[in-house]
Every structure is written in C-alpha cells, then in structure tokens.
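Participant: This one is final00.cif, mmCIF, C-alpha atoms and all ligand atoms.
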data_model
#
loop_
_atom_site.label_atom_id
_atom_site.label_comp_id
_atom_site.auth_asym_id
_atom_site.auth_seq_id
_atom_site.Cartn_x
_atom_site.Cartn_y
_atom_site.Cartn_z
CA MET A 1 0.00 0.00 0.00
CA SER A 2 1.41 3.36 -0.95
CA PRO A 3 1.80 5.82 1.92
CA ALA A 4 0.78 8.69 -0.36
CA ALA A 5 -2.50 10.36 0.50
CA VAL A 6 -5.53 8.99 -1.23
CA LYS A 7 -8.79 10.82 -1.87
CA ASP A 8 -11.42 10.48 0.88
CA GLU A 9 -8.91 9.94 3.65
CA ILE A 10 -7.26 12.22 6.15
CA LEU A 11 -3.85 11.98 7.73
CA ALA A 12 -4.80 11.00 11.28
CA PHE A 13 -1.32 10.60 12.76
CA ASP A 14 2.08 11.74 11.57
CA ARG A 15 5.34 12.88 13.15
CA PRO A 16 5.38 16.58 14.07
CA GLU A 17 8.14 18.37 12.14
CA VAL A 18 9.98 19.37 15.31
CA VAL A 19 10.62 15.69 16.09
CA ALA A 20 13.61 14.82 13.90
CA ASP A 21 12.98 12.26 11.18
CA ARG A 22 15.80 9.98 12.29
CA ALA A 23 16.27 6.76 14.22
CA THR A 24 16.94 7.14 17.95
CA HIS A 25 19.58 5.31 19.96
CA TYR A 26 16.98 4.16 22.49
CA CYS A 27 16.34 0.48 23.22
CA PRO A 28 13.15 -1.17 21.88
CA GLY A 29 10.16 -0.15 24.00
CA CYS A 30 11.99 2.71 25.78
CA HIS A 31 9.51 5.41 26.76
CA HIS A 32 11.88 8.32 26.14
CA GLY A 33 10.60 8.24 22.55
CA VAL A 34 6.99 8.66 23.70
CA ALA A 35 7.94 11.54 26.00
CA HIS A 36 9.86 13.28 23.18
CA ARG A 37 6.86 12.98 20.88
CA LEU A 38 4.42 14.43 23.42
CA VAL A 39 6.68 17.42 24.02
CA GLY A 40 7.16 17.93 20.27
CA GLU A 41 3.42 17.73 19.57
CA LEU A 42 2.55 20.20 22.32
CA LEU A 43 5.18 22.77 21.38
CA THR A 44 3.84 22.57 17.81
CA GLU A 45 0.18 22.81 18.81
CA MET A 46 0.90 25.70 21.21
CA GLY A 47 2.98 27.58 18.61
CA LEU A 48 6.07 27.56 20.84
CA VAL A 49 8.65 25.84 18.63
CA ASP A 50 10.48 29.01 17.56
CA LYS A 51 10.42 30.49 21.08
CA THR A 52 11.67 27.44 22.93
CA ILE A 53 15.03 26.92 24.60
CA MET A 54 15.23 23.45 26.10
CA VAL A 55 17.65 22.53 28.81
CA THR A 56 18.74 18.93 28.45
CA ALA A 57 20.20 16.70 31.14
CA ILE A 58 22.49 13.72 31.62
CA GLY A 59 21.07 10.24 31.18
CA CYS A 60 19.85 8.22 28.21
CA SER A 61 18.12 11.36 26.91
CA VAL A 62 21.45 13.25 26.79
CA PHE A 63 21.16 13.48 22.97
CA LEU A 64 17.70 15.02 23.10
CA TYR A 65 18.99 17.91 21.00
CA ASN A 66 19.41 15.42 18.15
CA TYR A 67 15.76 14.39 18.35
CA LEU A 68 13.87 17.60 19.11
CA LEU A 69 14.83 20.29 16.61
CA LEU A 70 14.95 23.13 19.15
CA ASP A 71 17.53 25.52 20.54
CA ALA A 72 19.12 23.80 23.51
CA VAL A 73 21.59 24.13 26.35
CA GLU A 74 23.10 20.94 27.77
CA ALA A 75 23.34 21.15 31.55
CA PRO A 76 25.76 19.27 33.81
CA HIS A 77 24.24 16.28 35.61
CA GLY A 78 21.32 17.40 37.81
CA ARG A 79 21.83 21.10 37.12
CA ALA A 80 19.19 21.61 34.42
CA PRO A 81 16.81 23.55 36.74
CA ALA A 82 19.64 25.93 37.70
CA VAL A 83 20.64 26.42 34.06
CA ALA A 84 16.97 26.88 33.09
CA THR A 85 16.65 29.53 35.82
CA GLY A 86 19.48 31.50 34.22
CA VAL A 87 18.15 31.06 30.70
CA LYS A 88 14.59 32.09 31.62
CA ARG A 89 15.64 35.08 33.76
CA SER A 90 17.87 36.42 31.00
CA ARG A 91 15.39 35.60 28.19
CA PRO A 92 11.97 35.90 29.85
CA ASP A 93 10.16 35.95 26.50
CA ASN A 94 11.40 32.50 25.57
CA PHE A 95 9.69 29.26 26.55
CA VAL A 96 12.09 27.21 28.69
CA PHE A 97 11.76 23.61 29.78
CA THR A 98 14.04 20.96 31.25
CA TYR A 99 13.88 17.26 30.41
CA GLN A 100 15.38 15.11 33.16
CA GLY A 101 15.58 11.50 34.32
CA ASP A 102 15.08 10.28 37.87
CA GLY A 103 18.79 9.80 38.56
CA ASP A 104 19.44 13.30 37.26
CA LEU A 105 16.54 15.06 38.99
CA ALA A 106 15.91 13.10 42.19
CA SER A 107 19.49 12.11 43.06
CA ILE A 108 22.41 14.36 42.07
CA GLY A 109 20.08 17.24 41.15
CA LEU A 110 17.65 17.15 44.09
CA ALA A 111 18.76 20.52 45.49
CA GLU A 112 18.45 22.26 42.12
CA ILE A 113 14.94 21.03 41.36
CA VAL A 114 13.62 21.73 44.85
CA HIS A 115 14.93 25.30 44.95
CA CYS A 116 13.92 26.03 41.36
CA ALA A 117 10.34 24.97 42.18
CA ASN A 118 10.39 26.74 45.53
CA ARG A 119 11.49 30.00 43.91
CA GLY A 120 8.64 29.66 41.47
CA GLU A 121 10.82 29.98 38.38
CA ARG A 122 8.73 30.39 35.23
CA VAL A 123 9.99 27.15 33.69
CA SER A 124 8.47 23.73 32.94
CA VAL A 125 9.96 20.39 33.93
CA VAL A 126 9.47 17.07 32.12
CA PHE A 127 10.57 14.37 34.57
CA VAL A 128 11.03 10.86 33.17
CA ASN A 129 10.93 8.40 36.10
CA ASN A 130 12.01 4.91 35.04
CA THR A 131 13.19 3.85 38.54
CA VAL A 132 16.84 3.33 37.50
CA TYR A 133 19.96 5.05 36.22
CA GLY A 134 19.31 3.84 32.69
CA MET A 135 22.33 5.22 30.87
CA THR A 136 24.98 3.86 33.21
CA GLY A 137 23.65 0.32 33.37
CA GLY A 138 20.71 0.23 35.75
CA GLN A 139 21.98 1.29 39.16
CA MET A 140 19.53 2.03 41.98
CA ALA A 141 17.90 5.46 41.82
CA PRO A 142 16.05 7.31 44.62
CA THR A 143 12.87 6.15 42.84
CA THR A 144 13.76 2.42 42.68
CA LEU A 145 10.87 0.42 44.17
CA ILE A 146 11.20 -1.66 47.34
CA GLY A 147 12.32 -5.15 46.33
CA GLN A 148 13.44 -4.04 42.85
CA LYS A 149 16.78 -5.61 41.93
CA THR A 150 19.42 -3.35 40.37
CA THR A 151 23.17 -3.64 39.93
CA THR A 152 23.75 -1.70 43.18
CA CYS A 153 21.02 -3.45 45.17
CA PRO A 154 21.26 -6.96 43.72
CA GLY A 155 19.14 -8.42 46.50
CA GLY A 156 16.41 -5.83 45.90
CA ARG A 157 15.97 -2.35 47.41
CA CYS A 158 15.47 -2.62 51.13
CA ARG A 159 13.61 0.00 53.19
CA GLU A 160 15.88 -0.34 56.23
CA ARG A 161 19.04 0.11 54.20
CA GLU A 162 18.07 2.49 51.39
CA GLY A 163 14.85 4.16 52.52
CA MET A 164 11.58 4.42 50.61
CA PRO A 165 11.38 5.49 46.93
CA ILE A 166 11.05 9.27 46.63
CA LYS A 167 7.73 10.62 45.35
CA MET A 168 8.86 13.70 43.45
CA ALA A 169 5.51 14.96 42.16
CA GLU A 170 4.18 15.07 45.72
CA ILE A 171 7.32 16.79 47.05
CA ILE A 172 7.29 19.41 44.28
CA GLY A 173 3.54 19.87 44.78
CA GLY A 174 4.24 20.77 48.40
CA LEU A 175 6.52 23.69 47.56
CA GLY A 176 5.38 27.31 47.62
CA GLY A 177 6.53 28.33 44.16
CA THR A 178 4.90 25.42 42.34
CA VAL A 179 1.80 26.22 40.32
CA PHE A 180 1.25 22.80 38.78
CA ALA A 181 2.58 19.36 39.75
CA ALA A 182 1.23 16.09 38.39
CA ARG A 183 2.13 12.50 37.59
CA ALA A 184 1.10 10.47 34.55
CA ALA A 185 2.31 7.21 32.99
CA LEU A 186 3.30 6.29 29.44
CA ASN A 187 2.27 2.63 29.51
CA ASN A 188 -1.06 2.72 27.68
CA VAL A 189 -3.03 4.96 25.36
CA LYS A 190 -5.31 6.36 28.07
CA ASN A 191 -2.38 7.25 30.31
CA ILE A 192 -0.43 8.74 27.38
CA ARG A 193 -3.38 11.02 26.63
CA GLN A 194 -3.50 12.08 30.29
CA ALA A 195 0.27 12.73 30.20
CA LYS A 196 -0.24 15.10 27.28
CA LYS A 197 -3.01 16.93 29.12
CA PHE A 198 -0.83 17.42 32.20
CA LEU A 199 2.14 18.56 30.11
CA LYS A 200 -0.10 21.08 28.39
CA THR A 201 -1.16 22.59 31.72
CA ALA A 202 2.45 22.66 32.93
CA PHE A 203 3.47 24.49 29.74
CA GLU A 204 0.52 26.89 30.01
CA VAL A 205 1.42 28.01 33.54
CA GLN A 206 4.68 29.20 32.04
CA THR A 207 3.20 30.87 28.96
CA LYS A 208 0.73 32.68 31.23
CA GLY A 209 3.59 33.79 33.49
CA LEU A 210 2.10 32.07 36.53
CA GLY A 211 5.08 30.08 37.78
CA PHE A 212 6.63 26.63 37.96
CA GLY A 213 5.11 23.54 36.27
CA PHE A 214 6.19 19.93 36.82
CA VAL A 215 5.07 16.65 35.26
CA GLU A 216 6.42 13.26 36.30
CA LEU A 217 6.08 10.54 33.65
CA LEU A 218 6.24 6.92 34.84
CA SER A 219 8.30 5.31 32.09
CA ALA A 220 9.70 1.95 31.11
CA CYS A 221 13.36 0.97 30.85
CA PRO A 222 12.90 -2.58 29.57
CA THR A 223 16.65 -3.14 29.20
CA ASN A 224 17.63 -2.46 32.79
CA TRP A 225 14.44 -4.00 34.15
CA LYS A 226 15.46 -7.09 32.15
CA MET A 227 11.96 -7.43 30.73
CA SER A 228 10.35 -7.44 27.32
CA PRO A 229 8.78 -4.06 26.44
CA VAL A 230 5.29 -5.56 26.79
CA LYS A 231 6.10 -6.90 30.29
CA ALA A 232 7.71 -3.57 31.22
CA ASN A 233 4.49 -1.73 30.33
CA GLN A 234 2.59 -4.16 32.54
CA ARG A 235 5.05 -3.55 35.39
CA ILE A 236 4.19 0.15 35.30
CA GLU A 237 0.54 -0.77 35.87
CA THR A 238 1.00 -3.46 38.52
CA GLU A 239 4.03 -2.18 40.47
CA MET A 240 4.72 1.49 39.77
CA ILE A 241 1.26 3.08 39.72
CA PRO A 242 0.19 1.50 43.05
CA TYR A 243 3.17 3.22 44.72
CA PHE A 244 3.37 6.33 42.52
CA PRO A 245 -0.30 7.34 42.13
CA LEU A 246 -1.32 9.19 38.98
CA GLY A 247 -2.99 12.56 39.22
CA ILE A 248 -2.56 16.23 40.04
CA PHE A 249 -0.85 17.13 43.32
CA LYS A 250 -1.07 20.90 43.01
CA ASP A 251 -2.90 23.08 40.53
CA LEU A 252 -3.12 26.84 40.95
CA SER A 253 -3.37 27.41 37.20
CA GLY A 254 -6.87 28.81 37.59
CA GLU A 255 -5.90 31.09 40.47
CA GLY A 256 -3.40 33.47 38.93
CA GLY A 257 -0.21 31.81 40.13
CA VAL A 258 1.85 32.14 43.27
CA CYS A 259 2.95 35.78 43.30
CA MET B 260 -10.72 2.63 4.14
CA SER B 261 -8.55 3.57 7.11
CA ARG B 262 -4.98 2.31 7.03
CA ILE B 263 -1.55 2.50 8.58
CA ALA B 264 1.97 2.39 7.19
CA ILE B 265 4.82 1.02 9.29
CA ASP B 266 8.27 2.36 8.50
CA GLU B 267 10.08 -0.95 8.86
CA ALA B 268 13.50 0.69 9.02
CA ARG B 269 12.38 2.56 12.17
CA CYS B 270 10.47 -0.27 13.84
CA LYS B 271 12.34 -1.82 16.75
CA GLY B 272 10.02 -4.79 17.13
CA CYS B 273 8.95 -3.83 20.66
CA LEU B 274 5.41 -5.10 19.90
CA LEU B 275 3.75 -2.43 22.06
CA CYS B 276 1.52 -1.57 19.09
CA THR B 277 0.22 -5.15 19.04
CA THR B 278 -1.17 -4.73 22.58
CA VAL B 279 -3.39 -1.72 21.83
CA CYS B 280 -5.05 -2.42 18.47
CA PRO B 281 -8.80 -2.74 19.09
CA VAL B 282 -9.21 -5.08 16.11
CA GLY B 283 -6.07 -7.12 16.80
CA ILE B 284 -4.53 -6.80 13.34
CA LEU B 285 -1.02 -5.78 14.40
CA VAL B 286 1.27 -8.80 14.71
CA GLN B 287 4.95 -9.66 14.61
CA SER B 288 6.08 -10.37 11.04
CA PRO B 289 8.66 -13.02 10.12
CA ARG B 290 10.92 -10.24 8.73
CA PHE B 291 14.02 -8.67 10.29
CA ASN B 292 15.02 -5.11 9.39
CA GLN B 293 18.60 -3.95 8.83
CA GLN B 294 19.04 -3.23 12.53
CA GLY B 295 18.09 -6.84 13.26
CA TYR B 296 14.66 -6.16 14.74
CA LYS B 297 11.73 -8.39 13.88
CA VAL B 298 9.22 -5.80 12.70
CA ALA B 299 5.48 -5.49 13.30
CA GLU B 300 3.02 -5.73 10.42
CA VAL B 301 -0.62 -5.81 9.39
CA ARG B 302 -1.16 -8.86 7.17
CA PRO B 303 -2.62 -8.06 3.72
CA GLU B 304 -5.85 -9.94 4.45
CA ASP B 305 -6.43 -7.80 7.59
CA ARG B 306 -5.72 -4.38 6.08
CA ASP B 307 -9.33 -3.40 5.54
CA LYS B 308 -10.11 -3.94 9.24
CA CYS B 309 -8.14 -0.90 10.46
CA THR B 310 -10.42 1.65 12.14
CA GLY B 311 -7.90 4.49 11.97
CA CYS B 312 -8.06 4.89 15.76
CA THR B 313 -4.32 5.90 15.98
CA SER B 314 -3.74 3.90 19.19
CA CYS B 315 -0.79 2.05 17.66
CA ALA B 316 0.85 5.32 16.60
CA LEU B 317 0.30 6.87 20.05
CA ILE B 318 2.06 4.03 21.85
CA CYS B 319 4.89 3.50 19.32
CA PRO B 320 8.05 4.90 20.96
CA ASP B 321 9.79 5.17 17.60
CA LEU B 322 7.23 7.07 15.52
CA ALA B 323 7.31 4.22 13.03
CA ILE B 324 3.56 4.34 12.32
CA THR B 325 1.56 6.76 10.16
CA VAL B 326 -2.24 6.53 10.19
CA TRP B 327 -4.82 7.61 7.61
CA ARG B 328 -8.50 7.62 8.46
CA SER B 329 -11.23 7.38 5.87
CA LYS B 330 -13.56 10.35 5.74
CA LYS B 331 -17.10 9.57 6.82
CA PRO B 332 -19.28 9.42 3.72
CA LYS B 333 -21.63 12.45 3.61
CA GLY B 334 -25.23 11.62 4.35
CA GLY B 335 -24.40 8.03 5.33
CA ALA B 336 -23.45 5.15 3.06
C1 LIG A 401 28.66 14.54 37.59
C2 LIG A 401 28.30 13.21 37.03
N1 LIG A 401 28.11 12.15 37.86
C3 LIG A 401 27.77 10.96 37.36
C4 LIG A 401 27.61 10.77 36.01
C5 LIG A 401 27.26 9.41 35.48
N2 LIG A 401 25.87 9.32 35.04
C6 LIG A 401 25.53 9.48 33.76
S1 LIG A 401 23.88 9.27 33.48
C7 LIG A 401 23.61 8.94 35.12
C8 LIG A 401 22.24 8.60 35.64
C9 LIG A 401 21.16 8.77 34.67
O1 LIG A 401 19.96 8.28 35.17
P1 LIG A 401 18.59 9.01 34.88
O2 LIG A 401 18.69 10.45 35.16
O3 LIG A 401 17.55 8.26 35.64
O4 LIG A 401 18.38 8.87 33.31
P2 LIG A 401 17.96 7.58 32.43
O5 LIG A 401 19.20 7.16 31.75
O6 LIG A 401 17.40 6.56 33.36
O7 LIG A 401 16.93 8.13 31.49
C10 LIG A 401 24.81 8.99 35.84
C11 LIG A 401 24.89 8.72 37.29
C12 LIG A 401 27.80 11.90 35.17
N3 LIG A 401 27.62 11.82 33.84
N4 LIG A 401 28.14 13.10 35.71
S1 LIG A 402 18.74 1.84 28.95
FE1 LIG A 402 16.60 2.15 29.52
S2 LIG A 402 16.26 4.39 29.50
FE2 LIG A 402 18.17 3.94 28.38
S3 LIG A 402 17.56 3.77 26.21
FE3 LIG A 402 17.55 1.68 27.07
S4 LIG A 402 15.43 1.38 27.76
FE4 LIG A 402 15.70 3.59 27.47
S1 LIG A 403 -4.99 2.61 13.71
FE1 LIG A 403 -6.10 1.48 15.33
S2 LIG A 403 -7.18 -0.15 14.21
FE2 LIG A 403 -5.62 0.64 12.79
S3 LIG A 403 -3.85 -0.73 13.12
FE3 LIG A 403 -3.58 1.04 14.50
S4 LIG A 403 -4.46 0.39 16.46
FE4 LIG A 403 -5.22 -1.05 14.86
S1 LIG A 404 5.29 -0.01 18.54
FE1 LIG A 404 6.49 0.84 16.83
S2 LIG A 404 8.59 0.10 17.12
FE2 LIG A 404 7.23 -1.16 18.42
S3 LIG A 404 6.72 -2.95 17.13
FE3 LIG A 404 5.09 -1.46 16.81
S4 LIG A 404 5.75 -0.26 15.03
FE4 LIG A 404 7.54 -1.39 15.75
MG MG A 405 16.20 6.90 35.04
#
Could you quickly redo this structure as structure tokens?
Facilitator:
Amino acid sequence: MSPAAVKDEILAFDRPEVVADRATHYCPGCHHGVAHRLVGELLTEMGLVDKTIMVTAIGCSVFLYNYLLLDAVEAPHGRAPAVATGVKRSRPDNFVFTYQGDGDLASIGLAEIVHCANRGERVSVVFVNNTVYGMTGGQMAPTTLIGQKTTTCPGGRCREREGMPIKMAEIIGGLGGTVFAARAALNNVKNIRQAKKFLKTAFEVQTKGLGFGFVELLSACPTNWKMSPVKANQRIETEMIPYFPLGIFKDLSGEGGVC
Amino acid sequence: MSRIAIDEARCKGCLLCTTVCPVGILVQSPRFNQQGYKVAEVRPEDRDKCTGCTSCALICPDLAITVWRSKKPKGGA
C-alpha cells in the first residue's frame, strides 16, 4: 500500500516536524521516545517551537537535541533547573523547559529542582521516572521500588538500608513556588493522553507567566528491568502506579499563580 | 478505508503496538530489518479492518507508524 494520501482519507497521525525524522539510539520499548513525541506535539500545537530553549540533562536522553529540533543548552548532571533559571531570567520571552531522568533530577540534582520549584521559576519540567539510572547500566535510583533488583542493590531495594522510593511529584507539589505538579504514565493509550493533558497545563502556567510547572512521567526501561517491552508496560501498571499514584498534586493554574 | 503504514526501518520490534489495536490486526512479522529487529506488520488480508483509531501510533516509541482515516461518507453510506 502506498503511503501517499488517497482521496477520501485524512492523515490521522504523523510525526510533528519538530521531532527529527531519524532513528533514535533508544532500546526497543523505551519510553523516552513517547515523552519526546508528546513534548514535540505540544510545542507545535501551542505555537512555541520558535520560542523554545530546552535545557537537556544527563542520562539516556542526553542526545535530546538530536531528536527535538529546538535551541538547547546541555546542563551538567542534575543542574538543568539551575541552568533553566538562568536562561529564563535572562530571556523571559522564551519558553524554557528541562527534560530530566530520575537519577538526574531526584538524586544528584535534588537541590536544584527543589529550589527552582520553591522559587517559582517560570519554567516547565518534564521528569522521566524509570526507577533506574538507565544510561549507566541500571543502578539504583532514589525512585527504585522496594524489592526491585538493580546492579547496586542486587538483593532488591530494602527499606531499612536504602529508605523508601522518593515521590517527586508530591514533594514538588508541596513547595510554595509550584503552580502545577502532576504524575502520569506512558504505559497505555489512556495514560499517554492524560500525560499530554498534564504537560499542556504545565506548559501553560509558564506561557501565562504564573510560575513553575512539573510533570512526572512513569516510564519503562525494559533493558535495565530485564523485561520485554510488553512486560515492562505491565510492570508500570502493577508495580509502579500503586506506589506512585497518577494525578494532580497541586494546581493553581486557575488562580493566577503564586505571586 | 482507514490504514496505517509502518516504517520498517524505524520499527524496533517492541510489539507495544500489538497490545493496543482494538481489532487485533497488528502482529509480529517473520521479517528482520537492517538493525536486526523483527518488525510489526498488518497482514494483507487484515488491512481493511483498520479503524484508523491511531492507538498504535500513540504508543509506538519510535514514531514508526503513520495513520490515515477514511472520511465519513456524507449523508451516510
Ligand atoms: C557529575 C556526574 N556524575 C555521574 C555521572 C554518570 N551518570 C551518567 S547518566 C547517570 C544517571 C542517569 O539516570 P537518569 O537520570 O535516571 O536517566 P535515564 O538514563 O534513566 O533516562 C549517571 C549517574 C555523570 N555523567 N556526571
Ligand atoms: S537503557 Fe533504559 S532508559 Fe536507556 S535507552 Fe535503554 S530502555 Fe531507554
Ligand atoms: S490505527 Fe487502530 S485499528 Fe488501525 S492498526 Fe492502529 S491500532 Fe489497529
Ligand atoms: S510499537 Fe512501533 S517500534 Fe514497536 S513494534 Fe510497533 S511499530 Fe515497531
Ligand atoms: Mg532513570
């Protein structure tokens, strides 16, 4: 069948132009690709592509600038919220977002994200939580679930030894400068649609000048979970969502922001 | 007729698309692409069953799927 358009049909789904037409280095079933697409679609639909400066982080998504055709600054590990603060304060008319993994944001970069949110910086954060340090071979992250085996907790994460997994969306939602904080998952079509809705609100609180927006995306890393992609998507449903509930933890988008 | 096209060079054979198709027409093919992934396909005899719902494209992490939906005939068919 030829992919060319035929009379009496409409193009119902195609890649947005801002998402580069090239193969990614991600493993089969990795959800970074889904997160990239959602961001690309929204920036296109909201007319923000030409105004955007993205701040990329360290992790498997380190080459994000190869996949989203946007102006970008690459931040040192964990420092994306600090870099984004500088970019947004010096270029307040630009749209600025960070894209960070759970090792980057919840471990080495915990101070930066907390203070960025607390100051109410007018930036948006896309937080991809796959419960491991994906890029470096699957070490334990602050978000690793109790009992989950990783290379640095081969017997499974233990509460007594390593503490409980950190719930970032709830923590960020508890900070004064946050206008919107939510958690969605990328494991099925319904959850992917909800993720896009949350990201849209997080982006809008910035475009309206209200303050800080944060969306956590529960994501699969089939390779380091040592599971097939289909099993990994099921794990999000049966293990991650029960501990990391989906939903909105703070939303002042209808109330004119925080200051 | 609604239809999809799978860019086999981009498909990584993750099979996530096969889990969301409401009419169950997405399956693993016997073919490997140049990267060595066994790609997904819709068999020729199933092509006219596609509803154009876009679920497969929404879950595909590699943007390997394009979807066309047939326009509803005016005044009913
Ligand atoms: C200062 C510094 N410390 C450590 C590293 C090694 N390192 C690279 S990526 C990474 C963790 C990435 O995990 P995450 O943010 O969860 O991203 P993922 O790969 O899972 O998407 C670490 C520790 C580094 N690059 N720089
Ligand atoms: S290691 Fe995990 S996060 Fe990294 S590309 Fe592979 S599946 Fe994705
Ligand atoms: S568009 Fe919908 S019906 Fe058609 S192949 Fe994809 S999931 Fe199946
Ligand atoms: S979801 Fe995409 S990459 Fe995965 S098997 Fe289907 S077409 Fe291929
Ligand atoms: Mg990670």
Participant: Report as an MDAnalysis selection string the set of chain A residues whose atoms approach chain B to within 10 Å, with distances computed over all atoms listed in the file.
Facilitator: chainID A and resid 1:16 19 21:24 26:38 186:190 192:193 222 228:231 233
Participant: Using only C-alpha atoms, what residues lie at most 12 Å away from (4.5, 16.6, 46.6) (file coordinates), given as a PyMOL selection string?
Facilitator: chain A and resi 114+117-118+166-176+178-183+214-216+244-245+247-251
Participant: What is the distance between CA of Pro81 in chain A and CA of Ile113 in chain A, in Å to one decimal?
Facilitator: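 A separation of 5.6 Å between them.
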Participant: Can you work out which one of A:Ala195, A:Ala202, A:Ala220, A:Val62 has the shortest atom-to-atom distance to ligand LIG 402 (chain A), counting all atoms listed in the file?
Facilitator: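 Of A:Ala195, A:Ala202, A:Ala220, A:Val62, the one nearest ligand LIG 402 (chain A), counting all atoms listed in the file, is A:Ala220.
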Participant: Extending 5 Å beyond the listed atoms of ligand LIG 402 (chain A) on each side, what axis-aligned box results? I want centre and edge lengths in Å to one decimal, as JSON.
Facilitator:
{"center_x": 17.1, "center_y": 2.9, "center_z": 27.9, "size_x": 13.3, "size_y": 13.0, "size_z": 13.3}
Participant: Restrict the output to range 197-217 of chain A and C-alpha atoms, then write it as a compact mmCIF listing (two decimals), in the first residue's frame.
Facilitator:
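Written output follows (result-v8.txt):
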# COMPACT_ATOMS: atom_id res chain seq x y z
CA LYS A 197 -3.01 16.93 29.12
CA PHE A 198 -0.83 17.42 32.20
CA LEU A 199 2.14 18.56 30.11
CA LYS A 200 -0.10 21.08 28.39
CA THR A 201 -1.16 22.59 31.72
CA ALA A 202 2.45 22.66 32.93
CA PHE A 203 3.47 24.49 29.74
CA GLU A 204 0.52 26.89 30.01
CA VAL A 205 1.42 28.01 33.54
CA GLN A 206 4.68 29.20 32.04
CA THR A 207 3.20 30.87 28.96
CA LYS A 208 0.73 32.68 31.23
CA GLY A 209 3.59 33.79 33.49
CA LEU A 210 2.10 32.07 36.53
CA GLY A 211 5.08 30.08 37.78
CA PHE A 212 6.63 26.63 37.96
CA GLY A 213 5.11 23.54 36.27
CA PHE A 214 6.19 19.93 36.82
CA VAL A 215 5.07 16.65 35.26
CA GLU A 216 6.42 13.26 36.30
CA LEU A 217 6.08 10.54 33.65
